[in-house]
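Chemist: Provided below: target.txt, containing compact mmCIF, C-alpha atoms.
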```txt
# COMPACT_ATOMS: atom_id res chain seq x y z
CA MET A 203 -12.38 -13.10 -50.87
CA ARG A 204 -9.58 -11.77 -48.68
CA ILE A 205 -10.85 -8.23 -49.18
CA GLU A 206 -14.32 -9.25 -47.95
CA LYS A 207 -12.85 -10.90 -44.85
CA ARG A 208 -10.79 -7.83 -44.08
CA TYR A 209 -13.90 -5.70 -44.58
CA TYR A 210 -15.95 -7.74 -42.09
CA VAL A 211 -13.08 -7.79 -39.59
CA ALA A 212 -12.77 -4.03 -39.84
CA ILE A 213 -16.53 -3.62 -39.35
CA GLY A 214 -16.41 -5.91 -36.30
CA ILE A 215 -13.57 -3.93 -34.74
CA PHE A 216 -15.40 -0.66 -35.38
CA ILE A 217 -18.62 -1.96 -33.76
CA ALA A 218 -16.67 -3.21 -30.73
CA PHE A 219 -15.03 0.20 -30.46
CA LEU A 220 -18.43 1.93 -30.52
CA LEU A 221 -19.81 -0.46 -27.89
CA GLY A 222 -16.80 0.21 -25.68
CA ILE A 223 -17.29 3.95 -25.94
CA SER A 224 -21.03 3.71 -25.26
CA GLY A 225 -20.38 1.48 -22.25
CA THR A 226 -17.93 3.98 -20.86
CA ILE A 227 -20.36 6.84 -21.42
CA ILE A 228 -23.19 4.92 -19.72
CA GLY A 229 -20.90 4.11 -16.80
CA LEU A 230 -19.80 7.73 -16.38
CA THR A 231 -23.40 8.95 -16.74
CA GLN A 232 -24.52 6.51 -14.04
CA ILE A 233 -21.80 7.66 -11.65
CA GLU A 234 -22.61 11.31 -12.31
CA THR A 235 -26.34 10.68 -11.79
CA GLU A 236 -25.82 8.90 -8.48
CA THR A 237 -23.41 11.44 -7.03
CA SER A 238 -24.34 14.79 -8.61
CA ASN A 239 -27.16 15.47 -6.16
CA LEU A 240 -25.18 14.45 -3.10
CA ALA A 241 -23.12 16.65 -0.82
CA PHE A 242 -20.45 14.85 1.20
CA LYS A 243 -18.43 16.89 3.67
CA GLY A 244 -16.39 16.62 6.82
CA LYS A 245 -16.23 19.08 9.72
CA PRO A 246 -13.26 18.93 12.14
CA ASP A 247 -13.52 19.99 15.77
CA LYS A 248 -10.40 22.09 15.13
CA GLU A 249 -8.27 22.99 12.13
CA SER A 250 -4.97 23.43 13.98
CA ILE A 251 -3.51 20.92 16.45
CA VAL A 252 -0.30 20.17 18.30
CA LEU A 253 1.73 17.16 17.19
CA GLY A 254 0.35 14.11 19.02
CA GLU A 255 -3.03 15.71 19.73
CA PRO A 256 -6.14 13.85 18.53
CA ILE A 257 -8.59 15.46 16.13
CA THR A 258 -12.26 14.59 15.64
CA ILE A 259 -14.10 14.86 12.31
CA GLN A 260 -17.86 14.63 11.70
CA PHE A 261 -18.67 13.39 8.19
CA GLU A 262 -22.11 14.06 6.73
CA ILE A 263 -23.77 13.11 3.46
CA SER A 264 -26.82 15.03 2.16
CA ASN A 265 -29.29 14.27 -0.62
CA ASN A 266 -30.10 17.49 -2.50
CA GLY A 267 -31.93 15.69 -5.31
CA GLU A 268 -35.57 14.73 -5.84
CA THR A 269 -35.30 10.95 -5.49
CA PRO A 270 -34.06 8.68 -2.67
CA ILE A 271 -30.62 7.15 -3.01
CA LYS A 272 -29.04 4.31 -1.10
CA VAL A 273 -26.09 5.16 1.12
CA HIS A 274 -24.01 3.20 3.61
CA VAL A 275 -25.10 4.33 7.06
CA GLY A 276 -22.26 2.55 8.84
CA GLY A 277 -19.13 4.58 9.52
CA VAL A 278 -15.49 3.66 9.95
CA GLU A 279 -16.48 0.85 12.30
CA THR A 280 -17.90 -1.03 9.29
CA GLY A 281 -15.22 -0.06 6.78
CA PHE A 282 -17.73 1.61 4.44
CA LEU A 283 -16.46 5.02 5.49
CA LYS A 284 -12.76 5.39 4.90
CA VAL A 285 -10.43 8.21 5.93
CA LEU A 286 -7.71 9.36 3.54
CA ILE A 287 -4.86 11.67 4.55
CA ALA A 288 -2.35 13.50 2.38
CA GLY A 289 0.93 14.63 3.88
CA GLN A 290 3.97 16.41 2.53
CA ASP A 291 4.10 14.28 -0.64
CA GLY A 292 0.52 15.21 -1.59
CA ASP A 293 -0.61 11.59 -2.04
CA PHE A 294 -3.78 10.56 -0.20
CA LYS A 295 -3.30 7.37 1.78
CA ARG A 296 -5.70 5.39 3.92
CA TYR A 297 -5.66 5.89 7.67
CA PHE A 298 -6.89 3.00 9.81
CA GLY A 299 -7.91 3.60 13.42
CA TYR A 300 -8.12 1.17 16.32
CA GLY A 301 -11.15 -1.14 16.11
CA TRP A 302 -12.25 0.02 12.66
CA GLY A 303 -13.93 -2.28 10.16
CA LEU A 304 -15.05 -4.87 12.71
CA LEU A 305 -18.85 -4.46 12.48
CA MET A 306 -21.37 -5.34 9.78
CA GLY A 307 -22.58 -2.49 7.62
CA LYS A 308 -25.86 -1.86 5.85
CA MET A 309 -27.36 0.46 3.26
CA SER A 310 -30.41 2.65 3.71
CA ASN A 311 -32.42 4.99 1.51
CA LEU A 312 -31.51 8.64 2.01
CA SER A 313 -34.62 10.68 1.25
CA PRO A 314 -34.54 13.97 -0.69
CA ASP A 315 -33.65 17.04 1.40
CA SER A 316 -32.29 14.85 4.19
CA SER A 317 -28.82 13.99 5.46
CA HIS A 318 -26.98 11.32 7.39
CA LYS A 319 -24.30 12.06 9.93
CA TYR A 320 -21.72 9.34 10.51
CA LYS A 321 -20.36 8.65 13.96
CA GLU A 322 -17.56 11.07 14.80
CA VAL A 323 -14.12 9.91 13.75
CA ALA A 324 -11.19 10.35 16.16
CA ILE A 325 -7.81 10.45 14.41
CA LEU A 326 -4.43 10.01 16.08
CA TRP A 327 -2.80 6.57 16.28
CA ASN A 328 -2.57 4.59 13.06
CA GLY A 329 -3.21 0.86 12.96
CA LYS A 330 -0.37 0.27 10.55
CA ILE A 331 0.01 -3.08 8.85
CA ASP A 332 2.63 -5.47 10.18
CA VAL A 333 5.12 -6.20 7.41
CA SER A 334 7.76 -7.89 9.53
CA GLY A 335 9.09 -11.01 7.83
CA LEU A 336 8.34 -9.68 4.35
CA ASN A 337 10.96 -8.66 1.84
CA ASP A 338 11.16 -5.04 0.67
CA HIS A 339 9.05 -5.61 -2.44
CA ALA A 340 6.30 -7.52 -0.64
CA ALA A 341 6.24 -4.98 2.20
CA LYS A 342 5.97 -2.10 -0.26
CA GLU A 343 3.08 -3.76 -2.07
CA LYS A 344 1.21 -4.47 1.18
CA LEU A 345 1.62 -0.87 2.37
CA LYS A 346 0.68 0.64 -0.98
CA GLY A 347 -1.96 3.34 -0.53
CA LYS A 348 -1.84 3.07 3.27
CA ILE A 349 -0.22 5.23 5.95
CA SER A 350 2.85 3.43 7.27
CA THR A 351 3.67 5.69 10.25
CA GLU A 352 2.51 5.23 13.84
CA TYR A 353 0.70 8.57 13.92
CA ALA A 354 -1.75 9.81 11.30
CA PHE A 355 0.13 13.13 11.39
CA PRO A 356 3.74 12.06 12.09
CA GLU A 357 5.39 15.47 11.99
CA PRO A 358 4.53 19.19 12.01
CA GLY A 359 3.18 20.60 8.75
CA VAL A 360 0.07 20.93 6.62
CA TYR A 361 -2.14 17.90 5.96
CA PHE A 362 -5.38 17.28 4.10
CA VAL A 363 -8.09 14.84 5.22
CA LYS A 364 -11.08 13.54 3.26
CA GLY A 365 -13.68 10.82 3.60
CA LEU A 366 -14.55 8.08 1.12
CA SER A 367 -17.87 6.23 1.08
CA TYR A 368 -20.14 4.42 -1.41
CA VAL A 369 -23.63 5.17 -2.71
CA GLY A 370 -26.23 3.57 -4.95
CA GLU A 371 -26.96 -0.04 -5.81
CA ASN A 372 -23.60 -0.36 -7.57
CA ALA A 373 -21.59 1.07 -4.66
CA VAL A 374 -20.33 4.12 -6.54
CA PRO A 375 -17.46 5.78 -4.61
CA ILE A 376 -17.93 9.34 -3.39
CA GLU A 377 -15.31 11.53 -1.73
CA SER A 378 -15.67 14.55 0.51
CA LYS A 379 -13.80 17.77 -0.11
CA PRO A 380 -10.34 17.77 1.55
CA ILE A 381 -10.05 19.44 4.95
CA LYS A 382 -6.88 21.38 5.66
CA ILE A 383 -5.24 20.57 9.02
CA LEU A 384 -2.25 22.41 10.43
CA VAL A 385 -0.05 20.39 12.82
CA ARG A 386 2.18 22.52 15.05
CA GLU A 387 5.38 21.67 16.92
CA PRO A 388 4.78 21.27 20.69
CA GLU A 389 6.39 23.91 22.88
CA GLY A 390 6.99 24.53 26.58
CA ILE A 391 5.20 22.10 28.88
CA ASP A 392 3.59 20.41 25.87
CA LEU A 393 7.03 19.57 24.56
CA GLU A 394 8.00 18.09 27.94
CA VAL A 395 4.92 15.86 27.94
CA TRP A 396 5.41 14.92 24.29
CA LYS A 397 8.89 13.63 25.09
CA GLN A 398 7.33 11.26 27.64
CA ILE A 399 4.41 9.97 25.57
CA LYS A 400 5.78 10.01 22.02
CA GLY A 401 5.44 6.60 20.40
CA ASN A 402 3.40 5.16 23.29
CA ALA A 403 0.43 3.49 21.58
CA GLU A 404 -1.47 2.89 24.82
CA ILE A 405 -1.41 6.55 25.88
CA ALA A 406 -2.31 7.62 22.34
CA LEU A 407 -5.30 5.26 22.40
CA LEU A 408 -6.37 6.63 25.78
CA MET A 409 -6.46 10.15 24.31
CA GLN A 410 -8.11 8.95 21.13
CA SER A 411 -10.70 6.41 22.29
CA GLY A 412 -10.71 6.55 26.08
CA GLY A 413 -9.17 3.15 26.78
CA PHE A 414 -6.14 0.88 26.66
CA ASN A 415 -5.49 -1.97 24.26
CA THR A 416 -3.52 -4.16 26.65
CA GLY A 417 -5.39 -6.83 28.58
CA LYS A 418 -2.72 -7.23 31.25
CA GLU A 419 -3.75 -5.76 34.60
CA GLU A 420 -0.17 -5.01 35.62
CA GLU A 421 0.46 -3.02 32.45
CA LYS A 422 -2.82 -1.17 32.88
CA GLN A 423 -1.87 -0.11 36.41
CA GLU A 424 1.55 1.09 35.27
CA LEU A 425 -0.06 3.14 32.50
CA ILE A 426 -2.59 4.64 34.91
CA GLU A 427 0.18 5.69 37.28
CA GLN A 428 2.21 7.19 34.43
CA VAL A 429 -0.77 9.17 33.14
CA GLU A 430 -1.69 10.37 36.64
CA GLN A 431 1.85 11.67 37.14
CA ILE A 432 1.69 13.58 33.85
CA ILE A 433 -1.67 15.11 34.75
CA GLU A 434 -0.46 16.11 38.21
CA ARG A 435 2.83 17.58 36.98
CA TYR A 436 1.54 19.22 33.79
CA PRO A 437 -2.14 20.06 34.40
CA ASP A 438 -2.16 22.84 31.80
CA SER A 439 -0.71 20.76 28.98
CA ILE A 440 -2.88 20.25 25.91
CA TYR A 441 -2.30 16.51 26.30
CA SER A 442 -3.57 16.55 29.90
CA SER A 443 -6.83 18.08 28.69
CA TYR A 444 -7.48 14.76 26.92
CA LEU A 445 -5.80 12.41 29.38
CA LYS A 446 -7.61 13.60 32.50
CA PRO A 447 -11.28 13.16 31.44
CA ASN A 448 -10.53 10.00 29.48
CA LEU A 449 -8.68 8.40 32.39
CA GLU A 450 -11.52 9.24 34.77
CA LYS A 451 -14.05 7.72 32.39
CA TYR A 452 -11.84 4.68 31.88
CA LYS A 453 -11.66 4.05 35.64
CA VAL A 454 -15.46 4.22 35.94
CA ASP A 455 -15.92 1.86 32.99
CA GLU A 456 -13.34 -0.57 34.39
CA LEU A 457 -15.07 -0.62 37.78
CA ARG A 458 -18.40 -1.40 36.14
CA ARG A 459 -16.81 -4.08 33.98
CA LYS A 460 -15.25 -5.82 36.98
CA GLU A 461 -18.49 -5.65 38.97
CA SER A 462 -20.42 -7.15 36.05
CA LEU A 463 -17.80 -9.89 35.75
CA LYS A 464 -18.16 -10.74 39.45
CA LYS A 465 -21.94 -10.96 39.15
CA ALA A 466 -21.59 -13.27 36.17
CA ILE A 467 -19.18 -15.57 38.03
CA ILE A 468 -20.91 -15.60 41.42
CA LYS A 469 -24.41 -16.88 40.73
CA PRO A 470 -26.97 -17.25 43.58
CA LYS A 471 -27.70 -20.82 44.68
CA ASN A 472 -31.19 -22.17 44.12
```
What does the file become when written as structure tokens?

Modeler:
Amino acid sequence: MRIEKRYYVAIGIFIAFLLGISGTIIGLTQIETETSNLAFKGKPDKESIVLGEPITIQFEISNNGETPIKVHVGGVETGFLKVLIAGQDGDFKRYFGYGWGLLMGKMSNLSPDSSHKYKEVAILWNGKIDVSGLNDHAAKEKLKGKISTEYAFPEPGVYFVKGLSYVGENAVPIESKPIKILVREPEGIDLEVWKQIKGNAEIALLMQSGGFNTGKEEEKQELIEQVEQIIERYPDSIYSSYLKPNLEKYKVDELRRKESLKKAIIKPKN
């Protein structure tokens, strides 16, 4: 009787083992089917930058198969396109830019022989997670897999950047091929400017996204004056090439914003 029980238990374990293997094979086959006909790549506007200089990457996903496949059409602003960066340690960690992941995303069918370009991604200042008040263990767990430095590229050296998105009904992850980025040490006038702007989140955001994060008018004016002085004193600096056009655009946008606010407050009497 005991032998029969052992026999049936053994058979049950063997069947469960086979089911587990078949499930794994089906899962892998599904992932391979949904991603094998897709090409996911990123193209940077430059492959070599100075420390503290923003870089822009255009990610694109193409369907080289014969059937449509669902892809997330929203970019980093929805959180369905993620940016991963590997530094000196070789581990890819998630970079999080200002204002990312705030909008709703949606999926759309990507037809055969067609592609989808995501909105360009500007990389510079990192929206690192606040771990103040946490003990070392809790802080380490919260920062796991994420960049913990202020800048995406915190020091000179070689870095690799890749995108991560999701495709198909089951949101299968797909990664782009890593892009090699060389970050150089600033020299000459660039070094002089870097000493003045290093660690300044507001100036980094101006170069990266064309605006300031602070809502205080006094702080905005001080920042504008500081940037104007840099542009006037170091017009040929690589940093000024970003600061000048972005500051001019910011001023125009601010003027329009204030005019619109006035119109909204001062309504004509009936």

Chemist: Looking at A:Ala403, A:Ile271, A:Val395, A:Met306, which one is nearest to Ile432 in chain A, with distances taken over all atoms listed in the file?

Modeler: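 Smallest separation from Ile432 in chain A among the options: A:Val395.
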
Chemist: Which one of A:Lys364, A:Lys400, A:Lys465, A:Lys453 sits closest to Lys295 in chain A if you count all atoms listed in the file?

Modeler: A:Lys364

Chemist: So, counting only C-alpha atoms, which residue among A:Lys342, A:Gly244, A:Ile257, A:Met309 is closest to Asn372 in chain A?

Modeler: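 Residue with the minimum atom-to-atom distance to Asn372 in chain A: A:Met309.
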
Chemist: For Pro437 in chain A, which residue among A:Ile391, A:Ile399, A:Leu425, A:Ala241 is the nearest when counting only C-alpha atoms?

Modeler: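 Looking at the shortest contact to Pro437 in chain A, the residue is A:Ile391.
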
Chemist: What separation in Å, quoted to one decimal, exists between CA of Lys308 in chain A and CA of Val275 in chain A?

Modeler: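 A separation of 6.4 Å between them.
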
Chemist: What does the structure give for the distance between CA of Tyr441 in chain A and CA of Asp392 in chain A, in Å to one decimal?

Modeler: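 Rounded to one decimal, the two atoms are 7.1 Å apart.
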
Chemist: Just the number, please: distance in Å from CA of Arg435 in chain A to CA of Met409 in chain A, one decimal.

Modeler: 17.4 Å

Chemist: A:Lys319, A:Lys460, A:Lys379, A:Lys346: which is nearest Glu419 in chain A, counting all atoms listed in the file?

Modeler: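 Smallest separation from Glu419 in chain A among the options: A:Lys460.
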
Chemist: Measuring between only C-alpha atoms, which one of A:Asp438, A:Ile381, A:Glu404, A:Gly292 shows the shortest distance to Lys248 in chain A?

Modeler: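 Checking each of A:Asp438, A:Ile381, A:Glu404, A:Gly292 against Lys248 in chain A, counting only C-alpha atoms, the winner is A:Ile381.
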
Chemist: With 7 Å as the cut-off and all atoms listed in the file counted, what is the closest atom pair between each nearby residue of range 266-336 of chain A and range 348-351 of chain A? Distances in Å to one decimal, ordered by chain and number, as CSV.

Modeler:
```
residue,atom,partner,partner_atom,distance
A:Lys295,CA,A:Lys348,CA,4.8
A:Arg296,CA,A:Lys348,CA,4.6
A:Tyr297,CA,A:Ile349,CA,5.7
A:Asn328,CA,A:Thr351,CA,6.9
A:Lys330,CA,A:Ser350,CA,5.6
```

Chemist: Could you give me, as a VMD selection string, the residues within 8 Å of range 352-356 of chain A, counting all atoms listed in the file and dropping anything in the same chain fewer than 6 positions from it?

Modeler: chain A and resid 253 to 254 287 289 297 325 to 330 385 401

Chemist: Which residues are near Thr269 in chain A? Cut-off 10 Å, all atoms listed in the file, ignore same chain within fewer than 2 positions. Put them as a list of chain:residue names.

Modeler: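 Returned residues: A:Asn239, A:Asn265, A:Asn266, A:Gly267, A:Ile271, A:Asn311, A:Leu312, A:Ser313, A:Pro314, A:Asp315.
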
Chemist: Take the residues from that selection and write them out as a PDB file, in the frame of the given file, keeping C-alpha atoms.

Modeler:
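Written out: out-v6.pdb:
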```pdb
ATOM      1  CA  ASN A 239     -27.160  15.470  -6.160  1.00  0.00           C
ATOM      2  CA  ASN A 265     -29.290  14.270  -0.620  1.00  0.00           C
ATOM      3  CA  ASN A 266     -30.100  17.490  -2.500  1.00  0.00           C
ATOM      4  CA  GLY A 267     -31.930  15.690  -5.310  1.00  0.00           C
ATOM      5  CA  ILE A 271     -30.620   7.150  -3.010  1.00  0.00           C
ATOM      6  CA  ASN A 311     -32.420   4.990   1.510  1.00  0.00           C
ATOM      7  CA  LEU A 312     -31.510   8.640   2.010  1.00  0.00           C
ATOM      8  CA  SER A 313     -34.620  10.680   1.250  1.00  0.00           C
ATOM      9  CA  PRO A 314     -34.540  13.970  -0.690  1.00  0.00           C
ATOM     10  CA  ASP A 315     -33.650  17.040   1.400  1.00  0.00           C
TER      11      ASP A 315
END
```

Chemist: Any idea what's packed within 10 Å of Asp332 in chain A, counting all atoms listed in the file, ignoring anything in its chain fewer than 5 positions away? Could you give it as a list in words?

Modeler: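 That gives Ala341, Lys344, Leu345 and Ser350 of chain A.
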